[in-house]
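Source file: query-v5.txt. Holds: compact mmCIF, C-alpha atoms and all ligand atoms.
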# COMPACT_ATOMS: atom_id res chain seq x y z
CA MET A 672 53.83 -13.03 -70.80
CA PRO A 673 53.73 -11.98 -67.12
CA GLU A 674 51.74 -14.11 -64.71
CA THR A 675 48.11 -13.21 -64.04
CA ILE A 676 46.81 -11.97 -60.72
CA VAL A 677 43.19 -11.66 -59.64
CA SER A 678 41.92 -10.08 -56.47
CA GLY A 679 38.77 -8.46 -55.20
CA MET A 680 37.40 -6.59 -52.21
CA ARG A 681 33.88 -6.46 -50.98
CA PRO A 682 32.57 -2.89 -51.23
CA THR A 683 33.02 -1.57 -47.72
CA GLY A 684 32.99 2.14 -48.51
CA LYS A 685 35.83 4.47 -47.76
CA LEU A 686 39.12 2.73 -47.06
CA HIS A 687 41.47 3.41 -44.15
CA LEU A 688 45.16 3.39 -43.39
CA GLY A 689 45.07 -0.34 -42.70
CA HIS A 690 43.95 -1.00 -46.27
CA LEU A 691 46.63 1.30 -47.68
CA HIS A 692 49.41 -0.57 -45.87
CA GLY A 693 47.72 -3.90 -46.54
CA ALA A 694 45.91 -5.13 -49.62
CA LEU A 695 45.66 -1.89 -51.54
CA GLY A 696 49.31 -0.84 -51.31
CA ASN A 697 50.25 -4.36 -52.25
CA TRP A 698 48.01 -4.31 -55.32
CA VAL A 699 49.54 -1.02 -56.46
CA ARG A 700 53.01 -2.60 -56.34
CA LEU A 701 51.89 -5.81 -58.03
CA GLN A 702 50.78 -3.85 -61.07
CA GLU A 703 54.47 -3.37 -61.88
CA SER A 704 55.14 -7.02 -62.53
CA TYR A 705 51.88 -8.84 -63.19
CA ARG A 706 48.90 -8.78 -65.47
CA CYS A 707 46.28 -7.74 -62.92
CA PHE A 708 42.53 -7.99 -62.57
CA PHE A 709 41.04 -6.13 -59.61
CA PHE A 710 37.34 -6.03 -58.96
CA VAL A 711 34.65 -4.78 -56.62
CA ALA A 712 33.08 -7.96 -55.23
CA ASP A 713 29.54 -6.62 -54.98
CA TRP A 714 27.84 -10.01 -55.27
CA HIS A 715 29.98 -11.25 -52.43
CA ALA A 716 28.78 -8.31 -50.34
CA LEU A 717 25.28 -9.77 -50.51
CA THR A 718 26.33 -13.04 -48.88
CA THR A 719 26.31 -11.53 -45.41
CA GLY A 720 22.76 -10.26 -45.40
CA LYS A 721 20.71 -7.55 -47.02
CA THR A 722 22.27 -4.16 -47.50
CA SER A 723 20.39 -1.31 -49.14
CA ALA A 724 20.85 -0.91 -52.87
CA GLU A 725 22.25 2.60 -52.41
CA THR A 726 24.80 1.38 -49.88
CA ILE A 727 26.05 -1.35 -52.19
CA ARG A 728 26.36 1.03 -55.12
CA GLU A 729 27.81 3.96 -53.22
CA SER A 730 30.27 1.99 -51.15
CA GLY A 731 31.55 0.35 -54.33
CA GLU A 732 32.10 3.72 -55.93
CA GLU A 733 33.80 5.22 -52.85
CA MET A 734 36.09 2.22 -52.65
CA LEU A 735 36.93 2.54 -56.31
CA LEU A 736 37.77 6.24 -55.84
CA ASP A 737 40.19 5.17 -53.11
CA TRP A 738 41.74 2.50 -55.33
CA LEU A 739 42.35 4.99 -58.13
CA SER A 740 43.65 7.67 -55.77
CA ALA A 741 46.08 5.22 -54.19
CA GLY A 742 47.53 4.42 -57.60
CA LEU A 743 45.63 1.54 -59.13
CA ASP A 744 46.00 2.37 -62.76
CA PRO A 745 43.30 1.49 -65.29
CA GLN A 746 45.93 1.71 -68.04
CA ARG A 747 47.79 -1.17 -66.46
CA SER A 748 45.20 -3.20 -64.62
CA VAL A 749 41.73 -4.36 -65.50
CA ILE A 750 39.50 -2.75 -62.88
CA PHE A 751 35.87 -3.79 -62.85
CA ARG A 752 32.75 -4.64 -60.90
CA GLN A 753 31.95 -8.31 -60.42
CA SER A 754 28.24 -7.92 -61.20
CA ASP A 755 29.06 -6.31 -64.55
CA VAL A 756 30.54 -9.58 -65.77
CA LYS A 757 27.65 -12.02 -65.56
CA GLU A 758 29.90 -14.85 -66.70
CA HIS A 759 31.09 -15.08 -63.07
CA ALA A 760 27.57 -16.19 -62.09
CA GLU A 761 27.43 -18.78 -64.84
CA LEU A 762 30.81 -20.23 -63.90
CA HIS A 763 29.77 -20.24 -60.25
CA LEU A 764 26.72 -22.28 -61.20
CA LEU A 765 28.72 -24.82 -63.18
CA PHE A 766 31.30 -25.10 -60.40
CA SER A 767 28.52 -25.69 -57.87
CA MET A 768 27.72 -28.90 -59.76
CA ILE A 769 31.10 -30.41 -58.96
CA THR A 770 31.61 -29.02 -55.44
CA PRO A 771 30.87 -31.47 -52.63
CA THR A 772 29.05 -29.77 -49.76
CA PRO A 773 31.55 -31.04 -47.14
CA TRP A 774 34.25 -28.87 -48.74
CA LEU A 775 32.11 -25.86 -47.90
CA ILE A 776 30.97 -27.02 -44.48
CA ARG A 777 34.52 -27.38 -43.27
CA ASN A 778 35.63 -23.93 -44.42
CA PRO A 779 36.79 -22.16 -41.25
CA THR A 780 36.58 -18.63 -42.68
CA VAL A 781 32.92 -18.95 -43.62
CA LYS A 782 32.07 -20.50 -40.25
CA GLU A 783 33.83 -17.76 -38.36
CA GLN A 784 32.00 -15.13 -40.36
CA ALA A 785 28.66 -16.85 -39.78
CA ARG A 786 29.40 -17.01 -36.07
CA GLU A 787 30.38 -13.34 -35.90
CA LEU A 788 27.18 -12.38 -37.66
CA GLY A 789 25.13 -14.51 -35.28
CA TYR A 790 23.81 -16.86 -37.99
CA ILE A 791 25.14 -19.86 -36.12
CA GLU A 792 26.09 -20.51 -32.52
CA SER A 793 28.72 -23.18 -32.91
CA ASP A 794 30.74 -25.09 -35.48
CA ASP A 795 28.57 -28.22 -35.25
CA GLU A 796 27.62 -29.64 -38.59
CA ALA A 797 23.91 -29.39 -37.83
CA GLU A 798 24.40 -25.74 -36.95
CA VAL A 799 26.42 -25.02 -40.10
CA THR A 800 23.58 -26.25 -42.32
CA LYS A 801 21.58 -23.22 -41.14
CA ILE A 802 23.88 -20.90 -43.09
CA ASN A 803 22.35 -19.41 -46.23
CA TYR A 804 23.57 -21.04 -49.39
CA GLY A 805 25.06 -17.76 -50.63
CA LEU A 806 27.43 -17.54 -47.71
CA LEU A 807 28.21 -21.24 -47.68
CA GLY A 808 28.87 -21.02 -51.40
CA TYR A 809 30.99 -17.88 -51.06
CA PRO A 810 34.19 -19.77 -51.94
CA VAL A 811 32.55 -21.26 -55.04
CA LEU A 812 31.81 -17.80 -56.37
CA GLN A 813 35.32 -16.76 -55.43
CA ALA A 814 36.69 -19.74 -57.38
CA ALA A 815 34.75 -18.52 -60.40
CA ASP A 816 36.21 -15.00 -59.97
CA ILE A 817 39.71 -16.38 -59.93
CA LEU A 818 39.59 -19.20 -62.46
CA MET A 819 37.70 -17.10 -65.01
CA TYR A 820 40.97 -15.27 -65.69
CA LYS A 821 43.14 -18.38 -65.19
CA ALA A 822 45.05 -16.59 -62.48
CA HIS A 823 48.39 -17.95 -61.33
CA ARG A 824 48.40 -16.03 -58.09
CA VAL A 825 45.86 -14.48 -55.77
CA PRO A 826 47.05 -11.79 -53.36
CA VAL A 827 45.02 -12.25 -50.18
CA GLY A 828 45.31 -12.22 -46.42
CA VAL A 829 45.81 -15.45 -44.45
CA ASP A 830 42.10 -15.63 -43.60
CA GLN A 831 41.45 -16.21 -47.30
CA VAL A 832 43.77 -19.19 -47.70
CA PRO A 833 40.97 -21.75 -47.07
CA HIS A 834 39.01 -20.12 -49.90
CA ILE A 835 41.95 -20.38 -52.28
CA GLU A 836 42.36 -24.01 -51.27
CA ILE A 837 38.76 -24.62 -52.39
CA THR A 838 39.52 -22.79 -55.64
CA ARG A 839 42.41 -25.18 -56.21
CA GLU A 840 40.25 -28.19 -55.41
CA ILE A 841 37.54 -27.00 -57.79
CA ALA A 842 40.11 -26.43 -60.55
CA ARG A 843 41.54 -29.89 -60.00
CA ARG A 844 38.16 -31.54 -60.00
CA PHE A 845 36.94 -29.65 -63.08
CA ASN A 846 40.11 -30.55 -64.96
CA SER A 847 39.76 -34.22 -64.13
CA VAL A 848 36.00 -34.47 -64.70
CA TYR A 849 36.10 -32.55 -67.97
CA ARG A 850 39.35 -31.37 -69.48
CA GLU A 851 42.48 -29.50 -68.39
CA ILE A 852 41.27 -25.89 -68.61
CA PHE A 853 42.24 -24.24 -65.34
CA PRO A 854 45.62 -23.73 -63.69
CA GLU A 855 45.73 -24.19 -59.91
CA PRO A 856 46.34 -20.73 -58.48
CA GLN A 857 48.55 -20.07 -55.48
CA PRO A 858 47.76 -17.60 -52.73
CA LEU A 859 50.22 -14.73 -52.72
CA LEU A 860 50.83 -13.87 -49.10
CA THR A 861 52.78 -10.71 -48.53
CA GLU A 862 54.14 -9.70 -45.17
CA ILE A 863 52.09 -6.65 -44.27
CA PRO A 864 52.46 -4.53 -41.19
CA LYS A 865 49.64 -4.52 -38.65
CA VAL A 866 48.33 -1.00 -38.52
CA PRO A 867 46.96 -0.14 -35.09
CA GLY A 868 43.74 1.81 -34.82
CA THR A 869 43.44 4.82 -32.55
CA ASP A 870 42.50 2.55 -29.61
CA GLY A 871 45.44 0.21 -30.16
CA ARG A 872 43.37 -2.64 -31.57
CA LYS A 873 43.71 -3.67 -35.21
CA MET A 874 42.41 -0.85 -37.39
CA SER A 875 38.89 -1.66 -38.52
CA LYS A 876 35.86 0.28 -39.60
CA SER A 877 33.67 -1.74 -37.25
CA TYR A 878 35.77 -0.81 -34.22
CA GLY A 879 35.39 2.89 -34.99
CA ASN A 880 39.16 3.29 -34.60
CA ALA A 881 40.07 3.85 -38.23
CA VAL A 882 41.92 6.68 -39.92
CA VAL A 883 39.93 7.12 -43.12
CA LEU A 884 42.15 7.95 -46.10
CA SER A 885 39.81 10.52 -47.58
CA ASP A 886 39.12 12.42 -44.34
CA PRO A 887 40.31 16.04 -44.23
CA PRO A 888 43.87 16.45 -42.88
CA GLU A 889 42.60 18.37 -39.82
CA GLU A 890 40.42 15.45 -38.88
CA ILE A 891 43.19 12.91 -39.34
CA ASP A 892 45.47 15.13 -37.26
CA ALA A 893 42.85 15.38 -34.51
CA ARG A 894 42.18 11.63 -34.46
CA LEU A 895 45.83 10.70 -34.32
CA SER A 896 46.49 13.35 -31.67
CA LYS A 897 43.97 11.58 -29.47
CA MET A 898 45.36 8.14 -30.19
CA MET A 899 45.97 5.89 -27.21
CA THR A 900 49.43 6.00 -25.65
CA ASP A 901 51.32 4.22 -22.88
CA PRO A 902 48.93 4.50 -19.90
CA LYS A 903 51.93 5.08 -17.62
CA ARG A 904 52.20 8.56 -19.11
CA ALA A 905 49.07 9.81 -17.41
CA ARG A 906 50.78 13.12 -16.70
CA ARG A 907 53.30 14.98 -18.78
CA ARG A 908 56.09 14.41 -16.24
CA ASP A 909 55.56 10.62 -16.06
CA PRO A 910 58.07 8.70 -18.14
CA GLY A 911 56.77 6.06 -20.55
CA GLU A 912 57.87 3.14 -22.64
CA PRO A 913 57.40 3.24 -26.43
CA ALA A 914 57.09 -0.55 -26.57
CA ASP A 915 53.90 -0.22 -24.49
CA CYS A 916 52.45 2.55 -26.63
CA PRO A 917 49.93 1.88 -29.44
CA ALA A 918 50.73 5.19 -31.14
CA PHE A 919 54.37 4.24 -31.31
CA ASN A 920 53.50 1.39 -33.68
CA LEU A 921 52.70 4.10 -36.19
CA HIS A 922 56.06 5.75 -35.51
CA ARG A 923 57.66 2.44 -36.39
CA LEU A 924 55.86 2.47 -39.72
CA TYR A 925 56.43 6.07 -40.60
CA CYS A 926 59.43 7.66 -38.86
CA THR A 927 63.13 7.75 -39.67
CA PRO A 928 65.58 5.93 -37.36
CA GLU A 929 66.72 9.31 -36.02
CA GLU A 930 63.18 10.33 -35.17
CA ILE A 931 62.53 6.96 -33.53
CA ALA A 932 65.64 7.39 -31.39
CA PHE A 933 64.69 10.94 -30.50
CA VAL A 934 61.11 10.21 -29.43
CA SER A 935 62.03 6.99 -27.61
CA HIS A 936 64.56 8.85 -25.49
CA GLY A 937 62.14 11.72 -24.95
CA CYS A 938 59.41 9.30 -23.90
CA ARG A 939 61.55 7.37 -21.41
CA THR A 940 62.90 10.55 -19.83
CA ALA A 941 59.63 12.49 -20.06
CA GLU A 942 61.55 15.20 -21.88
CA ILE A 943 58.81 15.35 -24.49
CA GLY A 944 55.05 15.08 -24.13
CA CYS A 945 52.90 12.65 -26.07
CA LEU A 946 51.53 15.34 -28.32
CA ASP A 947 55.03 16.47 -29.37
CA CYS A 948 55.90 12.88 -29.94
CA LYS A 949 52.86 12.19 -32.07
CA LYS A 950 53.39 15.34 -34.13
CA VAL A 951 56.59 13.82 -35.50
CA MET A 952 54.62 10.83 -36.80
CA ILE A 953 51.49 12.69 -37.86
CA LYS A 954 53.52 14.82 -40.23
CA HIS A 955 54.58 11.71 -42.16
CA VAL A 956 51.06 10.33 -42.28
CA LEU A 957 49.73 13.58 -43.68
CA ASP A 958 52.59 13.81 -46.18
CA GLU A 959 51.86 10.30 -47.36
CA LEU A 960 48.20 11.15 -47.82
CA ALA A 961 48.75 14.50 -49.55
CA THR A 962 49.06 13.03 -53.06
CA PHE A 963 46.26 10.60 -52.36
CA ARG A 964 44.05 13.47 -51.30
CA GLU A 965 44.82 15.54 -54.35
CA LYS A 966 43.96 12.67 -56.66
CA ARG A 967 40.83 11.84 -54.68
CA LEU A 968 39.49 15.38 -54.93
CA SER A 969 40.09 15.36 -58.64
CA TRP A 970 38.33 11.99 -59.15
CA GLU A 971 35.45 13.23 -57.00
CA GLN A 972 34.97 16.08 -59.42
CA HIS A 973 34.94 13.68 -62.34
CA ARG A 974 32.68 10.91 -61.18
CA ASP A 975 31.72 10.19 -64.79
CA ASP A 976 35.33 9.23 -65.43
CA VAL A 977 35.09 6.75 -62.59
CA ARG A 978 32.11 5.15 -64.25
CA ASP A 979 34.07 5.09 -67.51
CA VAL A 980 36.85 3.21 -65.75
CA LEU A 981 34.33 0.59 -64.68
CA ARG A 982 32.77 0.41 -68.10
CA GLU A 983 36.11 -0.06 -69.85
CA GLY A 984 37.37 -2.49 -67.20
CA GLY A 985 34.16 -4.48 -67.46
CA ARG A 986 34.53 -4.61 -71.22
CA GLN A 987 38.09 -5.91 -71.00
CA ALA A 988 37.22 -8.46 -68.32
CA LYS A 989 34.30 -9.68 -70.40
CA VAL A 990 36.51 -10.41 -73.40
CA ILE A 991 38.53 -12.87 -71.34
CA ALA A 992 35.49 -14.16 -69.45
CA GLN A 993 33.70 -14.96 -72.70
CA GLN A 994 36.69 -16.87 -74.02
CA THR A 995 36.87 -18.93 -70.84
CA MET A 996 33.14 -19.59 -70.86
CA GLU A 997 33.26 -20.79 -74.46
CA GLU A 998 35.82 -23.37 -73.50
CA VAL A 999 33.87 -24.32 -70.40
CA ARG A 1000 30.50 -24.65 -72.14
CA GLU A 1001 32.12 -26.69 -74.88
CA VAL A 1002 33.48 -29.33 -72.49
CA VAL A 1003 30.40 -29.33 -70.26
CA GLY A 1004 28.05 -29.60 -73.22
CA VAL A 1005 25.79 -26.63 -72.59
N1 LIG B 1101 36.79 -12.93 -50.22
C1 LIG B 1101 37.59 -11.77 -50.46
C2 LIG B 1101 37.61 -10.91 -49.17
O1 LIG B 1101 36.68 -10.97 -48.40
C3 LIG B 1101 37.07 -10.95 -51.60
C4 LIG B 1101 37.12 -11.72 -52.88
C5 LIG B 1101 36.05 -12.12 -53.62
C6 LIG B 1101 38.28 -12.15 -53.57
N2 LIG B 1101 36.48 -12.76 -54.74
C7 LIG B 1101 37.83 -12.81 -54.73
C8 LIG B 1101 39.64 -12.04 -53.31
C9 LIG B 1101 38.74 -13.37 -55.64
C10 LIG B 1101 40.52 -12.62 -54.20
C11 LIG B 1101 40.06 -13.27 -55.36
O2 LIG B 1101 38.55 -10.20 -48.98
FE1 LIG B 1102 53.80 6.95 -26.88
FE2 LIG B 1102 55.32 8.95 -27.68
FE3 LIG B 1102 53.67 9.22 -25.58
FE4 LIG B 1102 55.82 7.70 -25.42
S1 LIG B 1102 55.79 9.89 -25.74
S2 LIG B 1102 53.78 7.17 -24.70
S3 LIG B 1102 55.95 6.82 -27.45
S4 LIG B 1102 53.09 8.89 -27.72

In structure tokens, how does this file's structure come out?
Ligand code: TRP
Ligand code: SF4
Amino acid sequence: MPETIVSGMRPTGKLHLGHLHGALGNWVRLQESYRCFFFVADWHALTTGKTSAETIRESGEEMLLDWLSAGLDPQRSVIFRQSDVKEHAELHLLFSMITPTPWLIRNPTVKEQARELGYIESDDEAEVTKINYGLLGYPVLQAADILMYKAHRVPVGVDQVPHIEITREIARRFNSVYREIFPEPQPLLTEIPKVPGTDGRKMSKSYGNAVVLSDPPEEIDARLSKMMTDPKRARRRDPGEPADCPAFNLHRLYCTPEEIAFVSHGCRTAEIGCLDCKKVMIKHVLDELATFREKRLSWEQHRDDVRDVLREGGRQAKVIAQQTMEEVREVVGV
């Protein structure tokens, strides 16, 4: 039996190139060798404040379309929506009974998020108690997501490692208070390239510098054509240095060694202009997205099938979740 993997994403709407080279691309590969559960973490989306009902629903569906178009395969992986499997809420509740508050108060990821959102001003303990329970308890719900399926590994970014540590602590405590039911999952950290946004900062929806996977090719072309370059190349005849050029980080990801050598030389000698240089890279980006785009358009025309994927995934997840909850209720006595 292959090892089990669980991972989720909060519904953020349409995904961008950073996701494709990060979590999503990784998930697609992991399907080859693991038994995978991937879910839309819509309850977790509510922890950071009210979002309209339409936004939650629609952004979940758009994200799911991107998952399927990038190659997450419902024949291989269980793909579902967190709120469709109510057992997660029940397990979260039972876990909350054995989770000491200090574990949550020290969690650096939650505090950083609360600070970014302006809920707190500092990391002082008194300040941290102002955080809504939902956000403070975020890692407890996440522990329920993971332990429900007795996952061995959890593919996440480094920012999530404190959450997985709490999952492990909760598993350990549950096992010692009640009975050995849960394995202690390990974070699965994969080296992923940093994808620069069009302004050179990390690609992120909130920075407005993202290349959205489902945008029309013309738009992607236009955005990348305007991407920031080495400021020394203010004029066409000014030579530049690829190492100082944000766009060149995309060349590194996408171009062949020959192309890299060609554009680097052309940049340093000003034999080519930035637009010529970028064209070499843009072609690869558009090629990579061509299959994605085709699949996306086809899923968009069959939105009912997308809902079927969720229904079937939810059904499969529930089978396992119910088994786990029977064990849990039995040892807890409820
Ligand atoms: N906290 C994760 C994030 O923000 C999303 C998430 C929720 C998750 N539940 C999970 C990830 C369980 C892995 C496993 O990215
Ligand atoms: Fe960047 Fe290419 Fe312009 Fe050089 S020529 S600054 S590498 S885009």

*Could you state the separation of CA of Val811 (chain A) and CA of Ser678 (chain A) in Å, given to one decimal place?*
14.7 Å

_Residue neighbourhood Ile791 (chain A), 12 Å, only C-alpha atoms, exclusion window fewer than 5 positions, as a list of chain:residue names_ = A:Val781, A:Lys782, A:Glu783, A:Gln784, A:Ala785, A:Arg786, A:Glu796, A:Ala797, A:Glu798, A:Val799, A:Thr800, A:Lys801, A:Ile802, A:Asn803

*Proximity to Val951 (chain A) - best of A:Ser793, A:Gln993, A:Ser896, A:Ser704, all atoms listed in the file*: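 Ranking A:Ser793, A:Gln993, A:Ser896, A:Ser704 by distance to Val951 (chain A), first place goes to A:Ser896.
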
_Polymer residues at most 10 Å from Ile943 (chain A), only C-alpha atoms, same-chain spacing of 3 or more positions, as an NGL selection string_ = :A and (907-908 or 910 or 933-940 or 946-948)

*Determine the nearest neighbour of ligand LIG 1102 (chain B) from the options A:Glu998, A:Ser877, A:Glu889, A:Gly871, counting only C-alpha atoms and all ligand atoms.*
A:Gly871

*asked:* I'd like to know which of A:Asp830, A:Asp909, A:Glu725, A:Glu674 is closest to ligand LIG 1101 (chain B), using only C-alpha atoms and all ligand atoms.
replied: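 Among the listed residues, the smallest separation from ligand LIG 1101 (chain B) belongs to A:Asp830.
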
Would you compute an axis-aligned box for region 795-810 of chain A, covering every atom listed for it in the file with 5 Å of margin on each side, and report centre and edge lengths in Å to one decimal as AutoDock Vina command-line options?
--center_x 27.9 --center_y -23.6 --center_z -43.6 --size_x 22.6 --size_y 22.1 --size_z 26.7

Neighbour list for Phe751 (chain A) as a CSV table (one decimal) with C-alpha atoms, in the coordinates of the input, cut-off 12 Å, only C-alpha atoms, skip fewer than 5 positions in-chain:
chain,number,residue,atom,x,y,z
A,677,VAL,CA,43.2,-11.7,-59.6
A,678,SER,CA,41.9,-10.1,-56.5
A,679,GLY,CA,38.8,-8.5,-55.2
A,680,MET,CA,37.4,-6.6,-52.2
A,707,CYS,CA,46.3,-7.7,-62.9
A,708,PHE,CA,42.5,-8.0,-62.6
A,709,PHE,CA,41.0,-6.1,-59.6
A,710,PHE,CA,37.3,-6.0,-59.0
A,711,VAL,CA,34.6,-4.8,-56.6
A,712,ALA,CA,33.1,-8.0,-55.2
A,713,ASP,CA,29.5,-6.6,-55.0
A,731,GLY,CA,31.6,0.4,-54.3
A,732,GLU,CA,32.1,3.7,-55.9
A,734,MET,CA,36.1,2.2,-52.6
A,735,LEU,CA,36.9,2.5,-56.3
A,738,TRP,CA,41.7,2.5,-55.3
A,739,LEU,CA,42.4,5.0,-58.1
A,743,LEU,CA,45.6,1.5,-59.1
A,744,ASP,CA,46.0,2.4,-62.8
A,745,PRO,CA,43.3,1.5,-65.3
A,756,VAL,CA,30.5,-9.6,-65.8
A,757,LYS,CA,27.6,-12.0,-65.6
A,816,ASP,CA,36.2,-15.0,-60.0
A,977,VAL,CA,35.1,6.8,-62.6
A,978,ARG,CA,32.1,5.2,-64.2
A,979,ASP,CA,34.1,5.1,-67.5
A,980,VAL,CA,36.8,3.2,-65.8
A,981,LEU,CA,34.3,0.6,-64.7
A,982,ARG,CA,32.8,0.4,-68.1
A,983,GLU,CA,36.1,-0.1,-69.8
A,984,GLY,CA,37.4,-2.5,-67.2
A,985,GLY,CA,34.2,-4.5,-67.5
A,986,ARG,CA,34.5,-4.6,-71.2
A,987,GLN,CA,38.1,-5.9,-71.0
A,988,ALA,CA,37.2,-8.5,-68.3
A,989,LYS,CA,34.3,-9.7,-70.4

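Compared by their closest atoms to Asp737 (chain A), and using all atoms listed in the file, the residues A:Pro682, A:Gly789, A:Pro913, A:Pro771 rank with A:Pro682 nearest.
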
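Counting all atoms listed in the file and comparing A:Ser754, A:Ala814, A:Val883, A:Tyr705, the residue that lies closest to Arg681 (chain A) is A:Ser754.
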
_Nearest to ligand LIG 1101 (chain B) by atom-to-atom distance, counting all atoms listed in the file, from A:Trp774, A:Tyr804, A:Trp714, A:Phe963_ = A:Trp714

*Site check for ligand LIG 1102 (chain B): residues at most 6 Å away, only C-alpha atoms and all ligand atoms, as a PyMOL selection string*: chain A and resi 900-901+904+911-913+916+918-919+938+944-945+948-949

*asked:* Taking (41.4, -16.5, -51.2) in the coordinates of the supplied file, I want to know which residues reach to within 12 Å of it, counting only C-alpha atoms; could you give the answer as a PyMOL selection string?
replied: chain A and resi 676-680+778+780-781+809-818+822+824-839+856-860

*Distance of CA of Ile750 (chain A) from CA of Tyr925 (chain A), expressed in Å to one decimal place*: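 Result for CA of Tyr925 (chain A) versus CA of Ile750 (chain A): 29.3 Å, one decimal.
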
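Going from atom N1 of ligand LIG 1101 (chain B) to CA of Ala716 (chain A) covers 9.2 Å.
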
I need every residue sitting at most 12 Å from the point (50.0, -3.6, -37.4) (coordinates as in the file, only C-alpha atoms considered), written as an mmCIF file with C-alpha atoms, in the coordinates of the input.
data_model
loop_
_atom_site.group_PDB
_atom_site.id
_atom_site.type_symbol
_atom_site.label_atom_id
_atom_site.label_comp_id
_atom_site.auth_asym_id
_atom_site.auth_seq_id
_atom_site.Cartn_x
_atom_site.Cartn_y
_atom_site.Cartn_z
ATOM 1 C CA LEU A 688 45.160 3.390 -43.390
ATOM 2 C CA GLY A 689 45.070 -0.340 -42.700
ATOM 3 C CA HIS A 690 43.950 -1.000 -46.270
ATOM 4 C CA LEU A 691 46.630 1.300 -47.680
ATOM 5 C CA HIS A 692 49.410 -0.570 -45.870
ATOM 6 C CA GLY A 693 47.720 -3.900 -46.540
ATOM 7 C CA GLU A 862 54.140 -9.700 -45.170
ATOM 8 C CA ILE A 863 52.090 -6.650 -44.270
ATOM 9 C CA PRO A 864 52.460 -4.530 -41.190
ATOM 10 C CA LYS A 865 49.640 -4.520 -38.650
ATOM 11 C CA VAL A 866 48.330 -1.000 -38.520
ATOM 12 C CA PRO A 867 46.960 -0.140 -35.090
ATOM 13 C CA GLY A 868 43.740 1.810 -34.820
ATOM 14 C CA THR A 869 43.440 4.820 -32.550
ATOM 15 C CA GLY A 871 45.440 0.210 -30.160
ATOM 16 C CA ARG A 872 43.370 -2.640 -31.570
ATOM 17 C CA LYS A 873 43.710 -3.670 -35.210
ATOM 18 C CA MET A 874 42.410 -0.850 -37.390
ATOM 19 C CA SER A 875 38.890 -1.660 -38.520
ATOM 20 C CA PRO A 917 49.930 1.880 -29.440
ATOM 21 C CA ALA A 918 50.730 5.190 -31.140
ATOM 22 C CA PHE A 919 54.370 4.240 -31.310
ATOM 23 C CA ASN A 920 53.500 1.390 -33.680
ATOM 24 C CA LEU A 921 52.700 4.100 -36.190
ATOM 25 C CA HIS A 922 56.060 5.750 -35.510
ATOM 26 C CA ARG A 923 57.660 2.440 -36.390
ATOM 27 C CA LEU A 924 55.860 2.470 -39.720
#
